[in-house]
>>> print(open('coords.tsv').read())   # TSV, C-alpha atoms
chain	number	residue	atom	x	y	z
A	1	MET	CA	52.63	7.75	26.31
A	2	GLY	CA	54.37	4.71	24.94
A	3	LEU	CA	55.90	4.19	21.56
A	4	ALA	CA	53.11	1.77	20.65
A	5	HIS	CA	50.48	4.52	20.82
A	6	TYR	CA	52.22	6.60	18.18
A	7	LEU	CA	52.91	3.59	15.97
A	8	THR	CA	49.27	2.55	16.17
A	9	LEU	CA	48.14	6.04	15.21
A	10	ALA	CA	50.56	5.98	12.27
A	11	ALA	CA	49.33	2.55	11.14
A	12	THR	CA	45.71	3.73	11.33
A	13	LEU	CA	46.43	6.85	9.27
A	14	PHE	CA	48.38	4.78	6.74
A	15	CYS	CA	45.46	2.39	6.34
A	16	ILE	CA	43.02	5.28	5.87
A	17	GLY	CA	45.30	6.72	3.19
A	18	LEU	CA	45.69	3.35	1.48
A	19	PHE	CA	41.91	2.86	1.50
A	20	GLY	CA	41.54	6.27	-0.11
A	21	VAL	CA	44.10	5.51	-2.80
A	22	VAL	CA	42.33	2.26	-3.67
A	23	THR	CA	38.73	3.51	-3.60
A	24	ARG	CA	38.79	7.14	-4.74
A	25	ARG	CA	37.98	7.75	-8.40
A	26	ASN	CA	39.12	11.35	-8.45
A	27	THR	CA	42.82	11.63	-9.30
A	28	ILE	CA	43.25	14.48	-6.82
A	29	GLY	CA	41.64	12.29	-4.15
A	30	ILE	CA	44.23	9.60	-4.89
A	31	LEU	CA	47.02	12.14	-4.44
A	32	LEU	CA	45.50	13.24	-1.11
A	33	GLY	CA	45.54	9.60	0.03
A	34	ILE	CA	49.22	9.37	-0.86
A	35	GLU	CA	49.85	12.51	1.23
A	36	LEU	CA	48.14	10.84	4.20
A	37	MET	CA	50.36	7.77	3.82
A	38	MET	CA	53.50	9.91	3.68
A	39	ASN	CA	52.43	11.63	6.90
A	40	ALA	CA	52.00	8.30	8.64
A	41	VAL	CA	55.60	7.49	7.73
A	42	ASN	CA	56.68	10.83	9.22
A	43	ILE	CA	54.95	10.03	12.51
A	44	ASN	CA	56.85	6.75	12.67
A	45	LEU	CA	60.18	8.48	12.04
A	46	VAL	CA	59.62	11.18	14.66
A	47	ALA	CA	58.30	8.70	17.24
A	48	PHE	CA	61.26	6.35	16.83
A	49	ALA	CA	63.69	9.28	16.94
A	50	ARG	CA	62.07	10.55	20.14
A	51	PHE	CA	61.99	7.20	21.90
A	52	SER	CA	65.54	6.21	20.96
A	53	GLY	CA	66.95	9.70	21.45
A	54	SER	CA	68.59	9.85	18.02
A	55	VAL	CA	68.96	13.05	16.01
A	56	PRO	CA	69.25	11.41	12.52
A	57	GLY	CA	65.63	10.34	12.79
A	58	MET	CA	64.55	13.97	12.86
A	59	VAL	CA	66.92	14.75	9.97
A	60	PHE	CA	65.41	12.02	7.83
A	61	THR	CA	61.97	13.43	8.50
A	62	VAL	CA	63.14	16.59	6.71
A	63	PHE	CA	64.20	14.45	3.74
A	64	THR	CA	60.88	12.64	3.55
A	65	ILE	CA	59.05	15.99	3.64
A	66	CYS	CA	61.19	17.15	0.68
A	67	VAL	CA	60.41	13.97	-1.25
A	68	THR	CA	56.70	14.53	-0.55
A	69	VAL	CA	56.96	18.05	-1.94
A	70	ALA	CA	58.52	16.74	-5.16
A	71	GLU	CA	55.88	14.01	-5.43
A	72	ALA	CA	53.01	16.44	-4.93
A	73	ALA	CA	54.34	18.92	-7.47
A	74	LEU	CA	54.89	16.27	-10.15
A	75	GLY	CA	51.59	14.54	-9.41
A	76	LEU	CA	49.63	17.76	-9.74
A	77	ALA	CA	51.48	18.63	-12.94
A	78	ILE	CA	50.47	15.25	-14.37
A	79	VAL	CA	46.86	15.85	-13.25
A	80	ILE	CA	46.80	19.21	-15.05
A	81	LEU	CA	48.30	17.64	-18.17
A	82	LEU	CA	45.77	14.78	-18.10
A	83	PHE	CA	42.90	17.22	-17.67
A	84	ARG	CA	44.12	19.20	-20.64
A	85	VAL	CA	44.34	16.11	-22.84
A	86	ARG	CA	41.27	14.11	-21.70
A	87	ARG	CA	39.07	16.80	-20.05
A	88	THR	CA	38.55	14.61	-16.99
A	89	VAL	CA	40.25	13.83	-13.69
A	90	SER	CA	38.37	10.59	-13.05
A	91	ALA	CA	40.79	7.70	-12.81
A	92	ASP	CA	38.26	5.36	-14.45
A	93	HIS	CA	38.43	7.25	-17.71
A	94	LEU	CA	42.21	7.41	-17.82
A	95	ASP	CA	43.18	4.25	-19.65
A	96	LEU	CA	45.72	5.62	-22.10
A	97	LEU	CA	48.21	2.90	-21.25
A	98	LYS	CA	45.71	0.05	-21.51
A	99	GLY	CA	46.79	-2.37	-24.24
N	1	MET	CA	47.15	12.67	33.23
N	2	PRO	CA	46.82	15.62	30.86
N	3	GLU	CA	49.48	14.38	28.44
N	4	THR	CA	47.55	11.20	27.71
N	5	LEU	CA	44.33	13.14	27.32
N	6	VAL	CA	45.96	15.56	24.86
N	7	PHE	CA	47.39	12.66	22.87
N	8	TYR	CA	44.04	10.91	22.55
N	9	LEU	CA	42.31	14.18	21.66
N	10	LEU	CA	44.82	14.98	18.92
N	11	ALA	CA	44.88	11.42	17.64
N	12	ALA	CA	41.09	11.35	17.43
N	13	LEU	CA	41.15	14.69	15.60
N	14	ALA	CA	43.78	13.44	13.13
N	15	ILE	CA	41.99	10.15	12.46
N	16	GLY	CA	38.59	11.82	12.15
N	17	ALA	CA	39.87	14.47	9.77
N	18	SER	CA	41.67	11.82	7.70
N	19	ALA	CA	38.52	9.75	7.47
N	20	MET	CA	36.66	12.85	6.31
N	21	VAL	CA	39.34	13.40	3.63
N	22	ILE	CA	38.54	9.99	2.20
N	23	GLY	CA	34.78	10.18	2.78
N	24	GLN	CA	34.16	13.57	1.15
N	25	ARG	CA	32.97	13.63	-2.44
N	26	ASN	CA	33.95	17.25	-2.92
N	27	PRO	CA	37.73	17.59	-3.43
N	28	MET	CA	37.66	21.10	-1.92
N	29	TYR	CA	36.37	19.82	1.44
N	30	SER	CA	38.86	16.94	1.25
N	31	VAL	CA	41.75	19.37	1.05
N	32	MET	CA	40.36	21.45	3.94
N	33	MET	CA	40.04	18.34	6.10
N	34	LEU	CA	43.58	17.33	5.21
N	35	ILE	CA	44.80	20.71	6.51
N	36	ALA	CA	43.01	20.01	9.81
N	37	SER	CA	44.67	16.59	9.96
N	38	PHE	CA	48.09	18.14	9.37
N	39	GLY	CA	47.46	20.67	12.14
N	40	ALA	CA	46.66	17.91	14.63
N	41	LEU	CA	49.78	16.03	13.57
N	42	ALA	CA	51.90	19.15	14.05
N	43	ALA	CA	50.60	19.42	17.63
N	44	LEU	CA	51.52	15.76	18.13
N	45	TYR	CA	55.06	16.49	16.92
N	46	ILE	CA	55.34	19.23	19.54
N	47	GLN	CA	54.27	16.69	22.14
N	48	LEU	CA	57.03	14.41	20.81
N	49	ASP	CA	59.61	17.16	21.51
N	50	ALA	CA	60.16	17.81	17.80
N	51	PRO	CA	59.37	21.52	17.34
N	52	PHE	CA	61.38	21.78	14.13
N	53	VAL	CA	59.41	19.03	12.42
N	54	ALA	CA	56.16	20.55	13.71
N	55	VAL	CA	56.97	23.96	12.21
N	56	ALA	CA	58.15	22.37	8.96
N	57	GLN	CA	54.88	20.41	8.86
N	58	ILE	CA	52.82	23.59	9.19
N	59	ILE	CA	54.87	25.65	6.73
N	60	ILE	CA	55.47	23.03	4.04
N	61	TYR	CA	52.40	20.79	4.22
N	62	ALA	CA	49.61	23.05	5.42
N	63	GLY	CA	51.16	26.11	3.79
N	64	ALA	CA	52.75	25.15	0.50
N	65	ILE	CA	51.45	21.77	-0.60
N	66	MET	CA	47.84	22.31	0.38
N	67	VAL	CA	47.72	25.72	-1.29
N	68	LEU	CA	49.04	23.99	-4.42
N	69	PHE	CA	46.31	21.37	-4.11
N	70	LEU	CA	43.62	24.01	-3.58
N	71	PHE	CA	44.94	25.92	-6.58
N	72	VAL	CA	44.74	22.86	-8.83
N	73	VAL	CA	41.26	21.93	-7.54
N	74	MET	CA	39.98	25.42	-8.32
N	75	LEU	CA	41.82	25.57	-11.64
N	76	LEU	CA	40.34	22.33	-12.90
N	77	ASN	CA	36.97	23.06	-11.29
N	78	ALA	CA	36.96	19.36	-10.58
N	79	PRO	CA	33.42	18.00	-10.51
N	80	GLN	CA	32.20	16.03	-7.53
N	81	GLU	CA	32.24	12.30	-7.83
N	82	ASP	CA	28.60	11.40	-8.15
N	83	ARG	CA	27.26	8.53	-6.12
N	84	ALA	CA	26.18	6.50	-9.14
N	85	GLU	CA	29.71	6.37	-10.39
N	86	TRP	CA	30.97	5.65	-6.89
N	87	ASP	CA	28.73	2.61	-6.48
N	88	ARG	CA	29.24	1.26	-9.96
N	89	SER	CA	30.28	-2.35	-10.37
N	90	HIS	CA	34.00	-2.59	-10.03
N	91	PRO	CA	36.37	-5.58	-10.12
N	92	LEU	CA	37.26	-4.81	-6.49
N	93	ARG	CA	33.61	-5.01	-5.43
N	94	GLN	CA	33.11	-8.73	-6.02
N	95	PRO	CA	31.95	-10.57	-2.87
N	96	GLY	CA	35.08	-12.69	-2.60
N	97	VAL	CA	37.41	-9.72	-2.73
N	98	THR	CA	35.25	-7.78	-0.28
N	99	ARG	CA	35.25	-10.69	2.16
N	100	PHE	CA	39.02	-11.03	1.91
N	101	GLY	CA	39.47	-7.31	2.53
N	102	THR	CA	37.14	-7.39	5.54
N	103	LEU	CA	39.06	-10.33	6.98
N	104	MET	CA	42.36	-8.49	6.55
N	105	ALA	CA	40.92	-5.34	8.15
N	106	LEU	CA	39.66	-7.34	11.14
N	107	LEU	CA	43.08	-8.97	11.52
N	108	LEU	CA	44.69	-5.52	11.46
N	109	VAL	CA	42.32	-4.19	14.13
N	110	ILE	CA	43.06	-7.18	16.36
N	111	GLU	CA	46.79	-6.71	15.81
N	112	LEU	CA	46.67	-2.99	16.62
N	113	THR	CA	44.60	-3.64	19.75
N	114	TRP	CA	47.12	-6.23	20.83
N	115	ALA	CA	49.95	-3.76	20.17
N	116	LEU	CA	48.24	-1.20	22.40
N	117	THR	CA	47.39	-3.53	25.25
N	118	GLY	CA	49.94	-6.35	24.92
N	119	PRO	CA	53.34	-6.71	26.53
N	120	GLY	CA	55.14	-4.53	23.96
N	121	ARG	CA	53.51	-1.31	25.09
N	122	ALA	CA	55.91	-0.80	27.98
N	123	VAL	CA	58.40	1.01	25.72
N	124	GLU	CA	58.56	4.34	27.46
N	125	SER	CA	60.91	7.13	26.52
N	126	GLY	CA	64.08	6.11	28.28
N	127	ALA	CA	66.25	8.38	26.19
N	128	ALA	CA	66.66	12.09	26.71
N	129	PRO	CA	64.65	14.16	24.22
N	130	VAL	CA	66.57	15.62	21.30
N	131	SER	CA	64.43	18.72	21.22
N	132	SER	CA	67.25	21.06	20.32
N	133	VAL	CA	66.81	22.54	16.86
N	134	ARG	CA	70.49	23.47	17.03
N	135	GLU	CA	71.44	19.80	17.29
N	136	VAL	CA	69.22	18.84	14.35
N	137	GLY	CA	70.78	21.60	12.25
N	138	ARG	CA	74.30	20.60	13.20
N	139	VAL	CA	73.76	16.97	12.21
N	140	LEU	CA	71.95	18.01	9.03
N	141	PHE	CA	74.78	20.24	7.86
N	142	THR	CA	77.70	18.01	8.88
N	143	ASP	CA	76.93	14.29	8.74
N	144	TYR	CA	74.17	14.51	6.16
N	145	MET	CA	75.55	17.34	4.03
N	146	PHE	CA	75.67	15.23	0.85
N	147	ALA	CA	72.12	13.95	1.31
N	148	PHE	CA	70.96	17.51	1.92
N	149	GLU	CA	72.53	18.74	-1.31
N	150	ALA	CA	71.17	15.73	-3.20
N	151	THR	CA	67.70	16.63	-1.89
N	152	SER	CA	68.09	20.16	-3.23
N	153	ILE	CA	68.95	18.71	-6.66
N	154	LEU	CA	65.86	16.49	-6.37
N	155	ILE	CA	63.62	19.47	-5.66
N	156	LEU	CA	65.17	21.36	-8.59
N	157	VAL	CA	64.59	18.45	-10.97
N	158	ALA	CA	61.02	18.04	-9.72
N	159	MET	CA	60.37	21.75	-10.27
N	160	LEU	CA	61.77	21.58	-13.81
N	161	GLY	CA	59.72	18.47	-14.50
N	162	ALA	CA	56.53	20.07	-13.24
N	163	VAL	CA	57.07	23.17	-15.38
N	164	LEU	CA	57.88	21.04	-18.42
N	165	LEU	CA	54.84	18.79	-17.94
N	166	ALA	CA	52.34	21.57	-17.36
N	167	ARG	CA	53.63	23.71	-20.21
N	168	ARG	CA	51.44	23.92	-23.29
N	169	GLU	CA	52.78	22.22	-26.39
N	170	GLY	CA	54.58	24.56	-28.78
N	171	GLU	CA	54.45	27.48	-26.38
N	172	GLN	CA	57.49	29.66	-26.13
N	173	PRO	CA	58.86	29.64	-22.58
>>> encode(input="coords.tsv", output="structure tokens")
Amino acid sequence: MGLAHYLTLAATLFCIGLFGVVTRRNTIGILLGIELMMNAVNINLVAFARFSGSVPGMVFTVFTICVTVAEAALGLAIVILLFRVRRTVSADHLDLLKG
Amino acid sequence: MPETLVFYLLAALAIGASAMVIGQRNPMYSVMMLIASFGALAALYIQLDAPFVAVAQIIIYAGAIMVLFLFVVMLLNAPQEDRAEWDRSHPLRQPGVTRFGTLMALLLVIELTWALTGPGRAVESGAAPVSSVREVGRVLFTDYMFAFEATSILILVAMLGAVLLARREGEQP
């Protein structure tokens, strides 16, 4: 298995996640798309670390996982807050910041 | 070659599950499919000689984050996105924009195919695998000690922020 196979898989997953972020109307669906994109980045990090034999690549994967945890927790807190204020999780109806 | 077969099997599983995540209208099924995708990716990490990352993937993603997602989905009782709303006219659905997006997607497919079959694919693993969890831990707690501690502060701040955001107004903590 070459490095290109893993990078292609990561690019495909990233594109699927990006498509989801752009097209989903449900706020939770958007967050799930962001999770997919973060995972694609992780695949890249692990694949490069494996194929160059470097330990820091693995270490940085741990950091990106931690950042993803923080992002998910804050995103879900915002979703709960929005649902409490507007009674909806549809991104089309959330235009509080529209001028 | 069983290794290649396993890779393609897992990759197909991950891509299929990810596509289902996006295609599902019901958020509950989306989260379930995302767990399947994470499981396939964890198996891929094991194939990449990264058992620590694979276990962290299972515990943190499939265990913690997805349970949090499921909890929020059930708490909000989020309604399914109905098809009428899905197909409604949207600024991104104009023909010009759609054509541009299709062109970009085709370019990407061509590029990825070229990456898989072109001259660059000969990058095989020349380096020895760094499979040792001991080595990862040693580097994490010596060279990257400051970054590790900074990450713990980040998690703490995120936790405080989440509690503060989700708290009801005027409620005594």
>>> interface_residues(input="coords.tsv", of="chain A", to="chain N", cutoff="8 Å", atoms="all atoms listed in the file", output="number ranges by chain")
A: 1-5, 8-9, 12-13, 16-17, 19-20, 24-26, 28-29, 32-33, 36, 43, 46-47, 50-56, 58-59, 61-63, 65-67, 69-74, 76-78, 80-81, 83, 89
>>> write_last_selection(input="coords.tsv", atoms="C-alpha atoms", output="short mmCIF file (atom, residue, chain, number, x, y, z; two decimals), in the frame of the given file")
data_model
loop_
_atom_site.label_atom_id
_atom_site.label_comp_id
_atom_site.auth_asym_id
_atom_site.auth_seq_id
_atom_site.Cartn_x
_atom_site.Cartn_y
_atom_site.Cartn_z
CA MET A 1 52.63 7.75 26.31
CA GLY A 2 54.37 4.71 24.94
CA LEU A 3 55.90 4.19 21.56
CA ALA A 4 53.11 1.77 20.65
CA HIS A 5 50.48 4.52 20.82
CA THR A 8 49.27 2.55 16.17
CA LEU A 9 48.14 6.04 15.21
CA THR A 12 45.71 3.73 11.33
CA LEU A 13 46.43 6.85 9.27
CA ILE A 16 43.02 5.28 5.87
CA GLY A 17 45.30 6.72 3.19
CA PHE A 19 41.91 2.86 1.50
CA GLY A 20 41.54 6.27 -0.11
CA ARG A 24 38.79 7.14 -4.74
CA ARG A 25 37.98 7.75 -8.40
CA ASN A 26 39.12 11.35 -8.45
CA ILE A 28 43.25 14.48 -6.82
CA GLY A 29 41.64 12.29 -4.15
CA LEU A 32 45.50 13.24 -1.11
CA GLY A 33 45.54 9.60 0.03
CA LEU A 36 48.14 10.84 4.20
CA ILE A 43 54.95 10.03 12.51
CA VAL A 46 59.62 11.18 14.66
CA ALA A 47 58.30 8.70 17.24
CA ARG A 50 62.07 10.55 20.14
CA PHE A 51 61.99 7.20 21.90
CA SER A 52 65.54 6.21 20.96
CA GLY A 53 66.95 9.70 21.45
CA SER A 54 68.59 9.85 18.02
CA VAL A 55 68.96 13.05 16.01
CA PRO A 56 69.25 11.41 12.52
CA MET A 58 64.55 13.97 12.86
CA VAL A 59 66.92 14.75 9.97
CA THR A 61 61.97 13.43 8.50
CA VAL A 62 63.14 16.59 6.71
CA PHE A 63 64.20 14.45 3.74
CA ILE A 65 59.05 15.99 3.64
CA CYS A 66 61.19 17.15 0.68
CA VAL A 67 60.41 13.97 -1.25
CA VAL A 69 56.96 18.05 -1.94
CA ALA A 70 58.52 16.74 -5.16
CA GLU A 71 55.88 14.01 -5.43
CA ALA A 72 53.01 16.44 -4.93
CA ALA A 73 54.34 18.92 -7.47
CA LEU A 74 54.89 16.27 -10.15
CA LEU A 76 49.63 17.76 -9.74
CA ALA A 77 51.48 18.63 -12.94
CA ILE A 78 50.47 15.25 -14.37
CA ILE A 80 46.80 19.21 -15.05
CA LEU A 81 48.30 17.64 -18.17
CA PHE A 83 42.90 17.22 -17.67
CA VAL A 89 40.25 13.83 -13.69
#
>>> closest_residue(input="coords.tsv", among="A:Leu45, A:Ala10, A:Ala91, A:Leu82", to="Ile30 (chain A)", atoms="all atoms listed in the file")
A:Ala91
>>> atom_distance(input="coords.tsv", atom1="CA of Asn44 (chain A)", atom2="CA of Thr98 (chain N)")
29.1 Å
>>> atom_distance(input="coords.tsv", atom1="CA of Met33 (chain N)", atom2="CA of Val67 (chain N)")
13.0 Å
>>> atom_distance(input="coords.tsv", atom1="CA of Leu13 (chain N)", atom2="CA of Ala40 (chain N)")
6.5 Å
>>> residues_near_point(input="coords.tsv", point="(47.6, 12.7, -12.5)", cutoff="6 Å", atoms="all atoms listed in the file", output="PyMOL selection string")
chain A and resi 27+75+78-79
>>> closest_residue(input="coords.tsv", among="A:Leu31, A:Val22, A:Val85, A:Val41", to="Gly57 (chain A)", atoms="all atoms listed in the file")
A:Val41
